[in-house]
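K.L.:
Sharing a structure with you now.
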Amino acid sequence: MAVHCLELATSGAIRAPRADDAPRLVAMFERCGPDTRYGRFLAPVAHFPARYLADVVDPAPGQWSWLVSRDPDDVIGVGSLFRTGLRSAEVGLLVEDAEQRRGYGSQLLALMVVTALAAGITTLDATTLSSSQHVRRMLGRVGTLSVVTGGIETEVRVALVTSRERAALGA
C-alpha cells in the first residue's frame, strides 16, 4: 500500500520518508525529552538509533514507515510497522513532545492498521513502559489488547479487528 501524502485534520500530513529526511528525523528526536526517548526506545538513548533511522528512511520489504510533517522541511513524528512473522508485526511510534496528544500518533496507528490488514497481518506487537496507559488505550482502540508480559516494560499484543468484524459486532 503506497501512501504518498495524507492530509490530516490537525494541520499536518503523513507521508512516506525520503533518504534526505534523516537529518529531519534526528532534529525531531533531539526535540524529544529524555522521558519520551526512553518511552519509545526503552533505554536512555542520547542519539537516534542508527539502525532504526536507516530502516525508517529506507524500509526493506515487510517494513513500512511514515512521517508526520507540517511542511516539507519539518518532521514532528514517525511511525513504523515491521513484520516479525507471517501474520504479525511490531509497531513503533514517536511524536515530539510539543506535538503529543494532538492525534498524530492515533492517525499514524490507523494507517498502520490499514497497511497491516492489507498485507495479511492480523496481530500487532508493541513494548511499552508499564506507566504508558495512554499508549495501551490507543492500541486497544484498534483491536483486542492482551498483555503478554508485565513489569517495568509491558509487552502487549493487539489482535486486529477488521471493519467487517467491527460492523458485525455493532461497534
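Residue numbers start at 1 in each chain; chains themselves are named A, B, ... in the order of the C-alpha cells; ligands are numbered from 1 in the order shown.
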What's around Leu86 (chain A) at 10 Å? Count only C-alpha atoms, leave out sequence neighbours fewer than 5 positions away in its own chain, and write the answer as a PyMOL selection string.
P.N.:
chain A and resi 62+119-123
K.L.:
Name the residues in contact with Arg31 (chain A) at a cut-off of 10 Å, using only C-alpha atoms, excluding same-chain residues fewer than 3 positions from it; report them as an MDAnalysis selection string.
P.N.:
chainID A and resid 25:28 34 36:37 76 95:98
K.L.:
How would the residues just picked look written out with C-alpha atoms as a CSV table (one decimal), in the first residue's frame?
P.N.:
chain,number,residue,atom,x,y,z
A,25,LEU,CA,14.3,12.8,11.9
A,26,VAL,CA,17.4,13.4,14.0
A,27,ALA,CA,16.2,17.0,14.7
A,28,MET,CA,12.8,15.7,15.7
A,34,PRO,CA,14.6,12.0,27.9
A,36,THR,CA,9.8,10.5,25.6
A,37,ARG,CA,13.0,8.9,24.2
A,76,ILE,CA,7.3,16.0,14.1
A,95,VAL,CA,5.9,12.1,18.3
A,96,GLU,CA,8.0,15.0,19.6
A,97,ASP,CA,7.0,16.4,23.0
A,98,ALA,CA,5.4,19.7,21.8
K.L.:
Between A:Gly39, A:Gly92, A:Pro61, A:Pro44, which residue has the minimum interatomic distance to Gln133 (chain A), considering only C-alpha atoms?
P.N.:
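The shortest atom-to-atom distance to Gln133 (chain A) comes from A:Gly39.
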K.L.:
Between A:Asp74, A:His134, A:Thr128, A:Leu67, which residue has the minimum interatomic distance to Glu153 (chain A), considering only C-alpha atoms?
P.N.:
A:Thr128
K.L.:
Set the distance at 6 Å and use only C-alpha atoms: which residues neighbour region 137-150 of chain A once local chain neighbours fewer than 4 positions away are removed? I'd like the list as a PyMOL selection string.
P.N.:
chain A and resi 154-161
K.L.:
Could you tell me, as a PyMOL selection string, which residues of region 14-162 of chain A DSSP assigns to alpha helix (DSSP H) when given the backbone?
P.N.:
chain A and resi 22-30+34-41+50-57+104-118+133-140
K.L.:
Could you check how far CA of Tyr52 (chain A) sits from CA of Gly77 (chain A), in Å to one decimal?
P.N.:
14.0 Å
K.L.:
Compile the contact shell of Asp35 (chain A) as a PyMOL selection string: residues with an atom at most 12 Å away, counting only C-alpha atoms, same-chain residues fewer than 6 positions apart removed.
P.N.:
chain A and resi 29+41-46+94+96-97+129+131-132
K.L.:
Using DSSP on the backbone coordinates, identify the residues of region 11-155 of chain A assigned to strand (DSSP E or B); present them as a PDB file with C-alpha atoms, in the first residue's frame.
P.N.:
ATOM      1  CA  ALA A  13       0.387  15.443   6.702  1.00  0.00           C
ATOM      2  CA  ILE A  14       1.514  11.843   6.872  1.00  0.00           C
ATOM      3  CA  ARG A  15       3.934  10.994   4.127  1.00  0.00           C
ATOM      4  CA  GLN A  63       8.758  -2.858   6.685  1.00  0.00           C
ATOM      5  CA  TRP A  64       6.730   0.309   6.373  1.00  0.00           C
ATOM      6  CA  SER A  65       7.302   3.752   7.831  1.00  0.00           C
ATOM      7  CA  TRP A  66       5.636   7.133   7.739  1.00  0.00           C
ATOM      8  CA  LEU A  67       6.473  10.641   8.849  1.00  0.00           C
ATOM      9  CA  VAL A  68       4.220  13.370  10.163  1.00  0.00           C
ATOM     10  CA  SER A  69       5.174  16.798   8.894  1.00  0.00           C
ATOM     11  CA  GLY A  77       6.549  12.304  14.268  1.00  0.00           C
ATOM     12  CA  VAL A  78       7.427   8.890  12.902  1.00  0.00           C
ATOM     13  CA  GLY A  79       5.609   5.588  12.802  1.00  0.00           C
ATOM     14  CA  SER A  80       6.946   2.200  11.802  1.00  0.00           C
ATOM     15  CA  LEU A  81       5.443  -1.194  11.131  1.00  0.00           C
ATOM     16  CA  PHE A  82       7.970  -4.012  10.821  1.00  0.00           C
ATOM     17  CA  ARG A  83       6.792  -7.526  10.008  1.00  0.00           C
ATOM     18  CA  SER A  88       2.459 -10.323  12.972  1.00  0.00           C
ATOM     19  CA  ALA A  89       4.310  -7.025  13.058  1.00  0.00           C
ATOM     20  CA  GLU A  90       5.884  -4.689  15.591  1.00  0.00           C
ATOM     21  CA  VAL A  91       4.698  -1.100  15.779  1.00  0.00           C
ATOM     22  CA  GLY A  92       6.748   1.902  16.783  1.00  0.00           C
ATOM     23  CA  LEU A  93       5.581   5.472  17.320  1.00  0.00           C
ATOM     24  CA  LEU A  94       7.437   8.632  18.262  1.00  0.00           C
ATOM     25  CA  VAL A  95       5.921  12.109  18.293  1.00  0.00           C
ATOM     26  CA  THR A 123      -1.506  -9.142  15.138  1.00  0.00           C
ATOM     27  CA  LEU A 124       0.451  -6.097  16.240  1.00  0.00           C
ATOM     28  CA  ASP A 125       3.057  -6.245  18.989  1.00  0.00           C
ATOM     29  CA  ALA A 126       4.450  -3.360  20.998  1.00  0.00           C
ATOM     30  CA  THR A 127       6.602  -2.963  24.062  1.00  0.00           C
ATOM     31  CA  THR A 128       5.670  -0.025  26.256  1.00  0.00           C
ATOM     32  CA  LEU A 129       6.507   1.256  29.679  1.00  0.00           C
ATOM     33  CA  GLY A 143      -8.250  -4.371  18.286  1.00  0.00           C
ATOM     34  CA  THR A 144      -8.335  -6.747  21.201  1.00  0.00           C
ATOM     35  CA  LEU A 145      -5.470  -5.971  23.551  1.00  0.00           C
ATOM     36  CA  SER A 146      -3.728  -8.565  25.684  1.00  0.00           C
ATOM     37  CA  VAL A 147      -0.747  -8.151  27.958  1.00  0.00           C
ATOM     38  CA  VAL A 148       1.905 -10.717  27.123  1.00  0.00           C
ATOM     39  CA  THR A 149       4.367  -9.819  29.885  1.00  0.00           C
ATOM     40  CA  GLU A 153       8.132  -2.778  30.480  1.00  0.00           C
ATOM     41  CA  THR A 154       4.907  -4.278  29.217  1.00  0.00           C
ATOM     42  CA  GLU A 155       4.680  -6.299  26.043  1.00  0.00           C
TER      43      GLU A 155
END
K.L.:
Could you state the separation of CA of Leu117 (chain A) and CA of Arg102 (chain A) in Å, given to one decimal place?
P.N.:
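One can read the CA of Leu117 (chain A) to CA of Arg102 (chain A) distance as 25.0 Å.
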K.L.:
How many Å separate CA of Pro72 (chain A) from CA of Ser11 (chain A)?
P.N.:
12.8 Å
